[in-house]
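Novice: Please find one structure pasted underneath; my questions will follow.
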Amino acid sequence: MKMALFIDNLTTMLYVLTAADVYIAYVLAKGRGMGRESSGPLLGLGFIALILGASVDLRWPLPGGYNIVYGDPYVLFAALLISAGVMSLVQSSLKGIEGLGVPMGIFVIIYGLSILENGLSTEPLVAASLFVLEGLSAIIASIALARGGRAPSYAAIALLGLSAIVALAIVVPATFVHPVAFSKWFP
């Protein structure tokens with residue numbers, strides 16, 4: 001029996017991203033910050049994201065530069081989720097998350113601009129928009145979690161919700177196309 005070397009991580013990556021967006025928006029909407037009960041979902045999503053992102057970075061299963069623009073930011077995303085999960089678990093202040101979320105959000109925006117500049121994906125504008133929205137979400141959500149306040153929380157909820165909608169607009173059709181497209185693929 002031949003085993004395929006190619007594994008399409010992108011659909012799972014987008015579903016995990018959507019779940020994290022929705023969960024963080026939910027936590028912000030509750031207005032109580034991330035208590036210990038948030039550690040499980042954050043760590044669970046973070047470790048799945050780390051495995052998926054590292055898998056792309058280490059195996060290069062995608063064509064060329066796609067591995068860089070999809071794998072690298074996903075590892076950063078995983079680090080942010082895991083950090084927030086650990087901080088929630090030990091009931092530490094989330095003030096430190098701002099120092100991590102802001103630069104990581106900027107990096108994700110830069111990757112999005114690279115996707116647009118280099119015409120990566122079948123819909124570069126949509127993919128780049130998702131990256132920019134996710135980067136802005138990371139920046140604003142980390143500020144909202146670290147400092148509190150209604151305005152940053154509402155802005156983060158809106159950005160996370162919009163990011164989740166764009167991610168779903170990409171991943172739901174891919175969920176129906178990818179199994180057929182890769183059904184006959186063998187190394």
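In the structure tokens, the first chain shown is A, the next is B, and so on; residue numbers restart at 1 for each chain, and ligands run from 1 in the order shown.
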Near Ala167 (chain A), counting only C-alpha atoms, which residues have an atom at most 10 Å away, once you skip same-chain residues fewer than 5 positions from it, shown as JSON, numbers by chain?

Specialist: {"A": [11, 13, 14, 15, 16, 17, 18, 21, 126, 127, 129, 130, 131, 134, 161, 162, 172]}

Novice: Just want the 9 Å neighbourhood of region 154-159 of chain A, counted on only C-alpha atoms, with same-chain residues fewer than 5 positions away dropped. Output as a PyMOL selection string.

Specialist: chain A and resi 21-22+24-26+28-29+133-134+136-144+149+164

Novice: Just how far from CA of Ala49 (chain A) is CA of Tyr74 (chain A), in Å to one decimal?

Specialist: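 Taking CA of Tyr74 (chain A) and CA of Ala49 (chain A), their separation equals 6.6 Å.
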
Novice: With a cut-off of 10 Å, could you pull out the residues of region 22-97 of chain A touching region 110-113 of chain A and give me the nearest pair of atoms for each, distance in Å to one decimal, using only C-alpha atoms, ordered by chain and ascending number, as JSON lines?

Specialist:
```
{"residue": "A:Ile68", "atom": "CA", "partner": "A:Tyr111", "partner_atom": "CA", "distance": 8.8}
{"residue": "A:Val69", "atom": "CA", "partner": "A:Tyr111", "partner_atom": "CA", "distance": 5.8}
{"residue": "A:Tyr70", "atom": "CA", "partner": "A:Tyr111", "partner_atom": "CA", "distance": 8.4}
{"residue": "A:Asp72", "atom": "CA", "partner": "A:Tyr111", "partner_atom": "CA", "distance": 8.8}
{"residue": "A:Pro73", "atom": "CA", "partner": "A:Tyr111", "partner_atom": "CA", "distance": 7.4}
```

Novice: Find, counting only C-alpha atoms, the residue in A:Pro103, A:Ser121, A:Arg150, A:Tyr23 that gets nearest to Gly64 (chain A).

Specialist: A:Ser121

Novice: Go through A:Leu168, A:Ser153, A:Asn9, A:Val27 and flag the residue nearest Arg59 (chain A), using only C-alpha atoms for the distances.

Specialist: A:Asn9

Novice: So how many Å separate CA of Arg36 (chain A) and CA of Ser93 (chain A), to one decimal?

Specialist: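 These two atoms are separated by 11.2 Å.
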
Novice: May I have the residues within 10 Å of Gly40 (chain A) as a PyMOL selection string, using only C-alpha atoms and disregarding those fewer than 5 positions away in the same chain?

Specialist: chain A and resi 45-46+82+85-86+88-89

Novice: Create the file for the chosen residues now, containing C-alpha atoms and written as a PDB file, in the first residue's frame.

Specialist:
```pdb
ATOM      1  CA  LEU A  45      -5.861  24.897  20.208  1.00  0.00           C
ATOM      2  CA  GLY A  46      -2.289  26.123  20.720  1.00  0.00           C
ATOM      3  CA  ILE A  82       0.076  28.515  24.303  1.00  0.00           C
ATOM      4  CA  GLY A  85      -3.076  29.271  27.969  1.00  0.00           C
ATOM      5  CA  VAL A  86      -0.162  28.887  30.372  1.00  0.00           C
ATOM      6  CA  SER A  88      -4.396  31.506  32.346  1.00  0.00           C
ATOM      7  CA  LEU A  89      -3.515  28.155  33.912  1.00  0.00           C
TER       8      LEU A  89
END
```

Novice: Can you list, as a count of residues only, every residue of region 15-181 of chain A that DSSP puts in alpha helix (DSSP H)?

Specialist: 141

Novice: Which residues come within 6 Å of Asp57 (chain A), counting only C-alpha atoms, excluding same-chain residues fewer than 3 positions away, as a PyMOL selection string?

Specialist: chain A and resi 54+60+71

Novice: Could those residues be written to a file, using N, CA and C atoms, as a PDB file, in the first residue's frame?

Specialist:
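File produced: result.pdb:
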```
ATOM      1  N   ALA A  54       4.404  23.724  12.681  1.00  0.00           N
ATOM      2  CA  ALA A  54       5.753  23.141  12.645  1.00  0.00           C
ATOM      3  C   ALA A  54       5.842  22.084  11.556  1.00  0.00           C
ATOM      4  N   TRP A  60       7.776  20.983   4.518  1.00  0.00           N
ATOM      5  CA  TRP A  60       7.540  21.696   3.259  1.00  0.00           C
ATOM      6  C   TRP A  60       6.603  20.912   2.333  1.00  0.00           C
ATOM      7  N   GLY A  71       3.269  28.448   7.126  1.00  0.00           N
ATOM      8  CA  GLY A  71       3.827  27.761   8.293  1.00  0.00           C
ATOM      9  C   GLY A  71       4.352  28.701   9.356  1.00  0.00           C
TER      10      GLY A  71
END
```
